[in-house]
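Trainee: Supplied structure: coords39.txt, compact mmCIF, C-alpha atoms.
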```
# COMPACT_ATOMS: atom_id res chain seq x y z
CA MET P 1 65.74 243.18 118.51
CA SER P 2 63.87 245.61 120.79
CA ALA P 3 60.54 247.02 119.65
CA ALA P 4 60.53 250.44 118.02
CA ARG P 5 59.36 253.23 120.38
CA ILE P 6 56.62 255.49 119.01
CA LEU P 7 55.40 258.71 120.64
CA VAL P 8 51.80 259.69 119.80
CA VAL P 9 51.00 263.36 120.41
CA ASP P 10 47.31 264.28 120.11
CA ASP P 11 44.95 266.31 122.30
CA GLU P 12 42.00 263.97 121.61
CA ALA P 13 42.02 261.15 124.18
CA GLU P 14 40.06 258.74 121.97
CA ILE P 15 42.54 259.08 119.12
CA ARG P 16 45.52 258.70 121.48
CA GLU P 17 44.18 255.48 122.96
CA LEU P 18 43.07 254.11 119.60
CA LEU P 19 46.51 254.67 118.08
CA LYS P 20 48.18 253.23 121.16
CA ASP P 21 46.10 250.04 120.95
CA ILE P 22 46.62 249.62 117.19
CA LEU P 23 50.36 250.18 117.29
CA ALA P 24 50.84 248.06 120.42
CA ASP P 25 49.05 245.19 118.64
CA GLU P 26 51.62 245.56 115.85
CA GLY P 27 54.42 245.03 118.37
CA TYR P 28 55.53 248.63 118.92
CA ASP P 29 56.34 250.25 122.25
CA VAL P 30 53.93 253.22 122.41
CA GLU P 31 53.97 256.35 124.59
CA VAL P 32 51.26 259.04 124.42
CA ALA P 33 51.18 262.78 125.10
CA ALA P 34 48.13 265.05 125.25
CA ASP P 35 49.94 268.28 124.41
CA ALA P 36 53.31 269.85 123.58
CA ALA P 37 54.40 270.01 127.23
CA GLU P 38 53.90 266.27 127.73
CA ALA P 39 55.58 265.58 124.38
CA ARG P 40 58.66 267.60 125.40
CA ALA P 41 58.83 265.76 128.72
CA SER P 42 58.54 262.36 127.04
CA ARG P 43 61.33 263.16 124.56
CA ALA P 44 63.54 264.49 127.34
CA GLU P 45 63.18 261.17 129.18
CA GLN P 46 63.86 258.96 126.15
CA ASP P 47 64.13 259.86 122.49
CA PRO P 48 61.57 257.86 120.43
CA ASP P 49 62.15 256.15 117.09
CA LEU P 50 59.12 257.91 115.59
CA VAL P 51 56.69 260.69 116.52
CA LEU P 52 53.08 260.88 115.32
CA LEU P 53 52.28 264.55 115.85
CA ASP P 54 48.89 266.23 115.59
CA ILE P 55 48.95 269.70 114.03
CA TRP P 56 46.08 271.34 115.92
CA MET P 57 46.61 271.32 119.71
CA PRO P 58 45.46 273.83 122.34
CA ASP P 59 48.76 275.04 123.81
CA THR P 60 51.38 274.76 121.07
CA ASP P 61 50.46 273.58 117.57
CA GLY P 62 52.32 270.70 115.94
CA ILE P 63 54.05 272.85 113.31
CA THR P 64 55.53 275.08 116.01
CA LEU P 65 56.64 272.06 118.03
CA LEU P 66 58.23 270.48 114.96
CA ARG P 67 60.08 273.72 114.21
CA GLU P 68 61.33 273.79 117.82
CA TRP P 69 62.64 270.21 117.64
CA THR P 70 64.26 270.84 114.27
CA GLN P 71 66.15 273.84 115.61
CA ILE P 72 67.31 271.95 118.71
CA ASP P 73 68.46 268.61 117.28
CA GLY P 74 67.61 268.62 113.60
CA ALA P 75 64.60 266.31 114.20
CA SER P 76 66.69 263.33 115.35
CA CYS P 77 63.84 260.90 114.62
CA PRO P 78 61.20 260.82 111.85
CA VAL P 79 58.04 262.87 112.51
CA VAL P 80 54.70 262.13 110.81
CA MET P 81 52.15 264.95 111.01
CA MET P 82 48.42 264.27 111.50
CA SER P 83 45.49 266.59 110.86
CA GLY P 84 41.74 266.36 110.47
CA HIS P 85 41.49 269.53 108.43
CA GLY P 86 44.91 270.14 106.95
CA THR P 87 45.70 272.31 103.97
CA VAL P 88 48.28 272.09 101.25
CA GLU P 89 50.12 274.98 102.88
CA THR P 90 50.47 273.24 106.25
CA ALA P 91 51.59 270.01 104.57
CA VAL P 92 54.22 271.91 102.58
CA GLU P 93 55.40 273.75 105.70
CA ALA P 94 55.64 270.49 107.68
CA THR P 95 57.67 268.88 104.89
CA ARG P 96 59.96 271.91 104.67
CA LEU P 97 60.66 271.59 108.39
CA GLY P 98 61.65 267.96 107.97
CA ALA P 99 58.44 265.99 108.59
CA PHE P 100 58.64 262.56 107.01
CA ASP P 101 55.01 262.50 105.86
CA PHE P 102 51.56 264.02 106.39
CA ILE P 103 48.42 261.90 106.92
CA GLU P 104 44.84 263.09 107.19
CA LYS P 105 42.13 262.15 109.67
CA PRO P 106 40.06 260.06 109.83
CA LEU P 107 43.05 257.77 109.65
CA SER P 108 43.07 254.80 107.29
CA LEU P 109 44.51 251.85 109.21
CA VAL P 110 46.36 250.53 106.16
CA LYS P 111 47.76 253.97 105.31
CA LEU P 112 48.78 254.55 108.93
CA LEU P 113 50.69 251.27 109.31
CA HIS P 114 52.33 251.66 105.92
CA THR P 115 53.50 255.19 106.79
CA VAL P 116 54.75 254.10 110.22
CA GLU P 117 56.81 251.26 108.74
CA ARG P 118 58.28 253.49 106.03
CA ALA P 119 59.13 256.20 108.56
CA LEU P 120 60.82 253.73 110.92
CA GLU P 121 62.83 252.23 108.06
CA SER P 122 63.83 255.76 107.05
CA GLY P 123 65.07 256.38 110.60
CA ARG P 124 67.02 253.12 110.66
CA SER P 125 68.54 253.90 107.28
CA ARG P 126 69.61 257.34 108.53
CA GLN P 127 71.27 255.77 111.56
CA ARG P 128 73.13 253.27 109.39
CA GLN P 129 74.40 256.01 107.12
CA THR P 130 75.81 257.96 110.05
CA GLY P 131 77.72 254.86 111.18
CA ARG P 132 80.47 252.91 109.51
CA THR P 133 78.21 250.51 107.62
CA LEU P 134 76.48 252.14 104.69
CA VAL P 135 73.88 249.54 103.65
CA PRO P 136 71.35 250.84 101.11
CA GLN P 137 67.70 250.55 102.08
CA LEU P 138 66.16 247.15 101.29
CA ILE P 139 69.57 245.51 100.63
CA ALA P 140 69.65 243.51 103.88
CA PRO P 141 67.64 240.26 103.57
CA VAL P 142 64.46 240.52 105.64
CA GLY P 143 63.69 238.44 108.73
CA ARG P 144 63.90 238.59 112.52
CA SER P 145 64.12 234.83 113.09
CA ARG P 146 67.22 233.36 114.69
CA VAL P 147 68.09 231.71 111.36
CA MET P 148 68.07 234.98 109.41
CA ARG P 149 69.89 236.93 112.12
CA ALA P 150 72.62 234.28 112.17
CA LEU P 151 72.92 234.39 108.37
CA ARG P 152 73.25 238.17 108.30
CA GLU P 153 75.88 237.99 111.03
CA GLN P 154 77.78 235.36 109.04
CA VAL P 155 77.75 237.59 105.96
CA GLU P 156 78.99 240.52 108.05
CA GLN P 157 81.89 238.34 109.25
CA ILE P 158 83.00 237.17 105.81
CA ALA P 159 82.30 240.38 103.84
CA PRO P 160 85.61 242.17 104.64
CA HIS P 161 87.71 239.30 103.25
CA GLU P 162 88.67 238.46 99.66
CA THR P 163 87.99 234.71 99.85
CA PRO P 164 85.59 233.20 97.28
CA VAL P 165 82.18 232.30 98.71
CA LEU P 166 79.75 229.54 97.72
CA ILE P 167 76.10 230.26 98.54
CA VAL P 168 74.00 227.09 98.67
CA GLY P 169 70.22 227.07 98.68
CA GLU P 170 67.07 225.94 96.89
CA PRO P 171 65.88 227.89 93.82
CA GLY P 172 64.09 231.08 94.87
CA SER P 173 65.56 231.06 98.39
CA GLY P 174 67.34 234.39 98.01
CA ARG P 175 70.90 233.39 97.13
CA GLU P 176 71.37 236.45 94.93
CA ALA P 177 70.02 238.71 97.70
CA PHE P 178 72.70 237.43 100.07
CA ALA P 179 75.37 237.88 97.40
CA ARG P 180 74.30 241.51 96.96
CA TYR P 181 74.19 241.96 100.75
CA LEU P 182 77.77 240.67 100.97
CA HIS P 183 78.78 243.13 98.23
CA SER P 184 77.14 246.03 100.09
CA LEU P 185 79.15 245.25 103.24
CA SER P 186 82.48 244.54 101.56
CA PRO P 187 85.36 246.93 100.80
CA ARG P 188 84.34 246.44 97.15
CA VAL P 189 80.97 248.15 97.61
CA GLN P 190 81.98 250.99 95.27
CA GLY P 191 82.91 248.47 92.57
CA PRO P 192 80.50 246.69 90.20
CA PHE P 193 78.34 243.67 90.99
CA VAL P 194 78.41 241.58 87.79
CA GLN P 195 76.15 238.54 87.52
CA LEU P 196 76.88 235.62 85.19
CA VAL P 197 74.00 233.16 84.73
CA ALA P 198 75.68 229.79 84.23
CA THR P 199 72.98 228.36 81.97
CA GLY P 200 73.78 231.06 79.40
CA VAL P 201 77.39 229.87 78.97
CA SER P 202 78.36 227.34 76.30
CA ASP P 203 81.62 225.42 75.95
CA GLU P 204 82.36 227.24 72.68
CA GLY P 205 81.84 230.74 74.07
CA ALA P 206 83.16 230.16 77.60
CA ALA P 207 86.61 231.70 77.08
CA ALA P 208 85.23 234.85 75.45
CA ILE P 209 82.57 235.33 78.14
CA LEU P 210 84.96 234.80 81.05
CA HIS P 211 88.24 236.24 79.72
CA GLY P 212 87.11 238.57 76.93
CA THR P 213 88.64 238.94 73.48
CA GLN P 214 91.33 241.05 71.86
CA ASP P 215 91.59 241.70 68.12
CA ALA P 216 92.18 244.43 65.55
CA ASP P 217 88.95 246.13 66.60
CA GLY P 218 90.16 246.44 70.17
CA VAL P 219 89.47 244.82 73.54
CA HIS P 220 86.11 243.31 74.45
CA ALA P 221 86.05 242.71 78.20
CA GLY P 222 84.86 239.44 79.67
CA VAL P 223 83.10 239.19 83.01
CA PHE P 224 86.38 239.08 84.95
CA GLU P 225 87.33 242.52 83.66
CA GLN P 226 83.76 243.84 83.80
CA ALA P 227 83.72 243.02 87.51
CA SER P 228 87.15 244.54 88.17
CA GLY P 229 87.21 246.18 91.60
CA GLY P 230 83.95 244.50 92.55
CA ILE P 231 82.27 241.10 92.74
CA LEU P 232 81.61 238.49 90.04
CA PHE P 233 78.50 236.50 91.01
CA ILE P 234 78.12 233.19 89.15
CA ASN P 235 74.51 232.08 89.43
CA GLY P 236 74.15 228.27 89.33
CA ILE P 237 77.76 227.10 89.30
CA GLU P 238 76.75 223.47 88.69
CA ASP P 239 75.29 224.48 85.30
CA LEU P 240 78.61 225.77 83.93
CA PRO P 241 79.80 223.53 81.06
CA PRO P 242 83.04 221.58 81.63
CA LYS P 243 85.30 223.95 79.67
CA ALA P 244 84.00 226.98 81.57
CA GLN P 245 84.54 225.15 84.87
CA GLY P 246 88.14 224.44 83.89
CA LEU P 247 88.82 228.04 82.87
CA LEU P 248 87.30 229.36 86.09
CA ALA P 249 89.24 226.88 88.24
CA ALA P 250 92.50 227.82 86.49
CA ALA P 251 91.88 231.55 86.94
CA LEU P 252 91.14 231.08 90.64
CA GLU P 253 94.27 228.97 91.13
CA THR P 254 96.78 231.08 89.17
CA GLN P 255 95.10 234.46 89.76
CA THR P 256 95.72 235.26 86.07
CA PHE P 257 94.01 234.85 82.71
CA ALA P 258 94.57 235.88 79.10
CA ARG P 259 92.05 237.29 76.66
CA VAL P 260 91.15 235.26 73.58
CA GLY P 261 93.53 236.58 70.90
CA GLY P 262 95.84 238.12 73.48
CA ALA P 263 99.04 236.82 75.04
CA THR P 264 99.60 239.15 78.00
CA PRO P 265 98.59 237.61 81.35
CA ILE P 266 96.06 239.73 83.25
CA LYS P 267 95.71 239.64 87.02
CA PRO P 268 92.00 240.01 87.86
CA ASP P 269 91.00 242.35 90.69
CA VAL P 270 87.77 240.57 91.48
CA ARG P 271 86.13 238.53 94.24
CA VAL P 272 84.18 235.51 93.02
CA VAL P 273 80.89 234.54 94.68
CA ALA P 274 78.91 231.59 93.30
CA SER P 275 75.53 230.04 94.04
CA ALA P 276 74.48 226.41 93.83
CA THR P 277 71.52 224.18 94.71
CA PRO P 278 71.84 221.57 97.46
CA CYS P 279 72.43 218.99 94.70
CA PHE P 280 75.70 220.61 93.67
CA LEU P 281 77.89 218.04 95.48
CA SER P 282 76.38 215.24 93.40
CA ALA P 283 76.51 217.30 90.19
CA ASP P 284 79.16 217.01 87.51
CA VAL P 285 81.37 219.77 88.87
CA ARG P 286 85.18 219.74 88.81
CA GLN P 287 86.47 219.06 92.29
CA GLU P 288 89.30 221.59 91.99
CA LEU P 289 86.69 224.26 91.21
CA LEU P 290 84.57 223.28 94.20
CA SER P 291 87.59 223.26 96.48
CA ARG P 292 88.43 226.82 95.40
CA LEU P 293 84.89 228.14 95.71
CA SER P 294 83.78 226.41 98.89
CA ILE P 295 86.44 227.70 101.28
CA ILE P 296 83.53 229.59 102.80
CA THR P 297 80.03 228.18 102.28
CA LEU P 298 76.87 230.11 103.14
CA ASN P 299 73.80 227.89 103.48
CA VAL P 300 70.55 229.74 102.77
CA PRO P 301 67.60 227.76 104.18
CA PRO P 302 64.27 227.28 102.42
CA LEU P 303 61.50 229.63 103.58
CA ARG P 304 59.60 226.78 105.26
CA GLU P 305 62.43 226.56 107.83
CA TYR P 306 61.88 230.12 109.08
CA ALA P 307 58.15 230.49 108.51
CA GLN P 308 57.85 232.89 111.47
CA ASP P 309 59.30 235.56 109.15
CA VAL P 310 56.51 235.18 106.58
CA PRO P 311 54.34 238.06 107.98
CA GLU P 312 57.32 240.43 107.90
CA LEU P 313 58.21 239.34 104.37
CA LEU P 314 54.61 239.92 103.24
CA ARG P 315 54.67 243.48 104.62
CA HIS P 316 58.14 244.11 103.20
CA TYR P 317 57.24 243.13 99.64
CA ALA P 318 53.85 244.84 99.77
CA ASP P 319 55.49 248.12 100.81
CA ARG P 320 58.31 247.73 98.31
CA LEU P 321 55.95 247.05 95.39
CA VAL P 322 53.71 249.95 96.38
CA ASP P 323 56.70 252.30 96.41
CA GLU P 324 58.50 250.95 93.32
CA GLN P 325 55.58 250.06 91.03
CA HIS P 326 52.90 252.39 92.45
CA LEU P 327 50.53 249.49 93.03
CA PRO P 328 47.49 249.94 95.30
CA LEU P 329 48.25 249.53 99.00
CA ARG P 330 46.81 246.38 100.59
CA ARG P 331 47.36 244.58 103.91
CA PHE P 332 47.15 240.91 104.86
CA SER P 333 44.63 240.02 107.55
CA VAL P 334 45.84 238.03 110.56
CA ALA P 335 44.04 234.93 109.27
CA ALA P 336 45.69 235.31 105.86
CA GLN P 337 49.12 235.70 107.47
CA ASN P 338 48.60 232.61 109.61
CA ARG P 339 47.56 230.58 106.57
CA LEU P 340 50.67 231.64 104.68
CA ARG P 341 52.89 230.91 107.68
CA ASN P 342 51.73 227.30 107.43
CA TYR P 343 52.11 227.07 103.66
CA PRO P 344 55.25 225.09 102.66
CA TRP P 345 56.47 227.61 100.01
CA PRO P 346 58.06 225.19 97.50
CA GLY P 347 59.15 228.24 95.47
CA ASN P 348 60.56 229.96 98.57
CA VAL P 349 60.87 233.75 98.84
CA ARG P 350 60.48 234.20 95.08
CA GLU P 351 57.07 232.50 95.24
CA LEU P 352 56.05 234.74 98.16
CA ARG P 353 57.03 237.89 96.28
CA ASN P 354 55.13 236.74 93.18
CA LEU P 355 52.03 236.10 95.30
CA VAL P 356 52.17 239.57 96.84
CA GLN P 357 52.70 241.21 93.46
CA ARG P 358 49.79 239.30 91.92
CA LEU P 359 47.44 240.27 94.76
CA LEU P 360 48.37 243.96 94.49
CA ILE P 361 48.02 244.02 90.71
CA LEU P 362 44.62 242.32 90.79
CA GLY P 363 43.50 244.73 93.50
CA GLY P 364 40.48 244.46 95.78
CA GLU P 365 39.62 245.55 99.30
CA GLU P 366 42.38 247.05 101.43
CA GLU P 367 42.46 243.94 103.60
CA ILE P 368 43.51 240.68 101.95
CA ARG P 369 41.36 238.05 103.59
CA LEU P 370 41.75 234.30 104.05
CA ASP P 371 39.28 233.34 101.31
CA GLU P 372 41.28 235.35 98.75
CA ILE P 373 44.48 233.59 99.82
CA GLU P 374 42.86 230.17 99.51
CA ARG P 375 41.72 230.99 95.96
CA GLU P 376 45.22 232.12 95.02
CA LEU P 377 46.89 229.03 96.47
CA THR P 378 44.42 226.77 94.68
CA THR P 379 44.63 228.58 91.33
CA HIS P 380 48.41 228.91 91.31
CA ALA P 381 49.32 225.68 93.08
CA PRO P 382 52.74 224.50 91.88
CA MET P 383 53.14 221.33 89.85
CA SER P 384 54.59 219.65 92.94
CA GLU P 385 51.56 219.72 95.23
CA PRO P 386 52.85 220.24 98.80
CA LEU P 387 52.55 217.08 100.85
CA VAL P 388 50.91 218.92 103.74
CA LYS P 389 47.95 219.79 101.51
CA GLN P 390 47.25 216.13 100.70
CA ASP P 391 44.72 214.49 103.02
CA LEU P 392 46.53 211.18 102.78
CA LEU P 393 44.65 209.60 105.69
CA ALA P 394 41.43 209.78 103.67
CA LEU P 395 42.93 207.69 100.82
CA PRO P 396 43.54 203.95 100.42
CA LEU P 397 47.15 202.96 101.16
CA ARG P 398 48.18 202.43 97.53
CA GLU P 399 46.75 205.75 96.36
CA ALA P 400 48.21 207.60 99.34
CA ARG P 401 51.64 206.12 98.61
CA GLU P 402 51.41 207.19 94.98
CA HIS P 403 50.43 210.73 96.01
CA PHE P 404 53.39 210.92 98.38
CA GLU P 405 55.91 209.46 95.91
CA ARG P 406 54.75 211.77 93.09
CA ALA P 407 54.94 214.92 95.22
CA TYR P 408 58.25 213.86 96.78
CA LEU P 409 59.97 213.08 93.48
CA GLN P 410 58.59 216.17 91.74
CA GLN P 411 59.92 218.44 94.48
CA GLN P 412 63.29 216.69 94.59
CA LEU P 413 63.53 216.92 90.79
CA ILE P 414 62.93 220.67 90.97
CA LEU P 415 65.72 220.99 93.53
CA CYS P 416 68.01 219.13 91.11
CA ASN P 417 67.08 221.44 88.20
CA GLY P 418 65.29 218.62 86.37
CA LYS P 419 68.41 216.44 86.14
CA VAL P 420 67.50 212.79 86.68
CA GLY P 421 71.14 211.78 87.23
CA GLN P 422 71.44 214.14 90.20
CA LEU P 423 68.01 213.03 91.44
CA ALA P 424 69.09 209.37 91.44
CA LYS P 425 72.07 210.18 93.66
CA ARG P 426 69.97 212.42 95.92
CA VAL P 427 67.19 209.90 96.60
CA GLY P 428 69.44 206.80 96.51
CA MET P 429 67.85 205.00 93.54
CA GLU P 430 69.38 203.30 90.52
CA ARG P 431 68.80 205.51 87.47
CA THR P 432 66.96 202.92 85.31
CA HIS P 433 64.60 202.07 88.15
CA LEU P 434 64.06 205.78 88.79
CA TYR P 435 63.09 206.41 85.15
CA ARG P 436 60.48 203.63 85.39
CA LYS P 437 59.16 205.02 88.66
CA LEU P 438 58.81 208.57 87.22
CA ARG P 439 56.95 207.26 84.17
CA SER P 440 54.61 205.12 86.27
CA LEU P 441 53.74 208.14 88.43
CA GLY P 442 53.22 210.40 85.42
CA VAL P 443 56.07 212.76 86.35
CA ASP P 444 57.23 214.55 83.18
CA PHE P 445 60.89 215.05 84.04
CA ARG P 446 61.63 216.51 80.57
CA GLN P 447 59.11 219.32 81.07
CA LEU P 448 60.44 220.01 84.58
CA ALA P 449 63.99 220.19 83.18
CA GLU P 450 62.89 222.73 80.56
CA GLU P 451 61.14 224.87 83.18
```
Spit out the file's structure as structure tokens when you get a sec.

Mentor:
Amino acid sequence: MSAARILVVDDEAEIRELLKDILADEGYDVEVAADAAEARASRAEQDPDLVLLDIWMPDTDGITLLREWTQIDGASCPVVMMSGHGTVETAVEATRLGAFDFIEKPLSLVKLLHTVERALESGRSRQRQTGRTLVPQLIAPVGRSRVMRALREQVEQIAPHETPVLIVGEPGSGREAFARYLHSLSPRVQGPFVQLVATGVSDEGAAAILHGTQDADGVHAGVFEQASGGILFINGIEDLPPKAQGLLAAALETQTFARVGGATPIKPDVRVVASATPCFLSADVRQELLSRLSIITLNVPPLREYAQDVPELLRHYADRLVDEQHLPLRRFSVAAQNRLRNYPWPGNVRELRNLVQRLLILGGEEEIRLDEIERELTTHAPMSEPLVKQDLLALPLREAREHFERAYLQQQLILCNGKVGQLAKRVGMERTHLYRKLRSLGVDFRQLAEE
């Protein structure tokens, strides 16, 4: 992906060079112009992705230049106005003419970068909406790594089809986000996205939840009918009880179902997408159901396998939480970002989002520094202490082995949703021996299962 091109228009040389250096350090391609004439020439040569435009300039002021561009091409890219002594009237006029935002000098670095990112995303969103793919802002899973690009491309390939999809990944890895992304790209985008959490389904209520009921009081739609014309997303397919698995497998095979209390077969107009943990193959899942769901399998990796995307994810969630929850704007220092890139993220993207939200709620200086990150990681360390944080070389062999085994089995147990039977198959141990090992290491598998 090529870097976004930003044009900085300001008659003060120091400000031009300062902005150029700051934005270039952030990875942007930056051009500068000292006045309206140079700005016009730069845009004539190549249209930028964003313009930072000073209001007060000697030849033609920024408002006049913005009005000129708006009349010519409707302001084809976002424009952010800058002023050291702006007024409410000039800000209102700039907004009326189509300016994306208005920032005051002296510029706050955090405010500047936040505004630039929002403006660029606005421009990208506008371009998407003028094309064939209408993907709502923030729907596409974030990440520029090869892994994430390949995943998004895979979703784009399978989205137009009606085939069921199985999304496999660790808890917190973003399986639901990819399901929603698939929905946004599919022909069913105008239809509903209905989520069924498998742990909330019992054998007794399975038929009513899936198929709905019909009695003297009328029809009560199940999830198949609720999702008609759209997508039914089953979260945690391995946790469906046996009867629900059988009903789902039968509906997928026959393409019909009947409401409880009704006799008329109903043909569902729904695409089924399900998620599962990597333990699903060793779970107690009906093979005919798996064969129907796993025609196409999407494997979502854990965050530790594309850690280069951590800085972008941190910025993404910080901006999103600021906009959605009106939390104070904060930025991660380079040292903090590097520390988090090397953190193993046992809770994956969900853990990262929770960390960002906690830091914004607690507040503090605009820059989130390394010492604050270290305190957070220590205070909120997960039950399964990441192996990379254990200084095993400083311990005697027996104690080091116990540390490793405890952390390893705790993490594997989390991936298997606390189910010791699945864990035994995953790690290749006999179940009785595994129970003894967990007790000897002090691993409370019952508590982990409840959580």

Trainee: Calculate how many Å separate atom CA of Val155 of chain P from atom CA of Leu293 of chain P, rounding to one decimal.

Mentor: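 Between atom CA of Val155 of chain P and atom CA of Leu293 of chain P the gap is 15.7 Å.
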
Trainee: Any idea what the distance is between atom CA of Gly229 of chain P and atom CA of Asp269 of chain P?

Mentor: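 Atom-to-atom, atom CA of Gly229 of chain P to atom CA of Asp269 of chain P, that is 5.5 Å.
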
Trainee: Please provide as a list in words all residues within 7 Å of segment 340-348 of chain P, with the sequence filter that same-chain residues fewer than 4 positions apart are discarded (counting all atoms listed in the file).

Mentor: Pro171, Gly172, Ser173, Pro302, Leu303, Arg304, Ala307, Gln308, Val310, Ala336, Leu352 and Pro386 of chain P

Trainee: Measuring between all atoms listed in the file, which one of P:Asp25, P:Asp61, P:Glu366, P:Glu121 shows the shortest distance to Ala39 of chain P?

Mentor: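 Going through P:Asp25, P:Asp61, P:Glu366, P:Glu121 one by one, the smallest distance to Ala39 of chain P is for P:Asp61.
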
Trainee: Atom CA of Ala3 of chain P and atom CA of Gly27 of chain P are how many Å apart?

Mentor: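 Interatomic distance, atom CA of Ala3 of chain P to atom CA of Gly27 of chain P: 6.6 Å.
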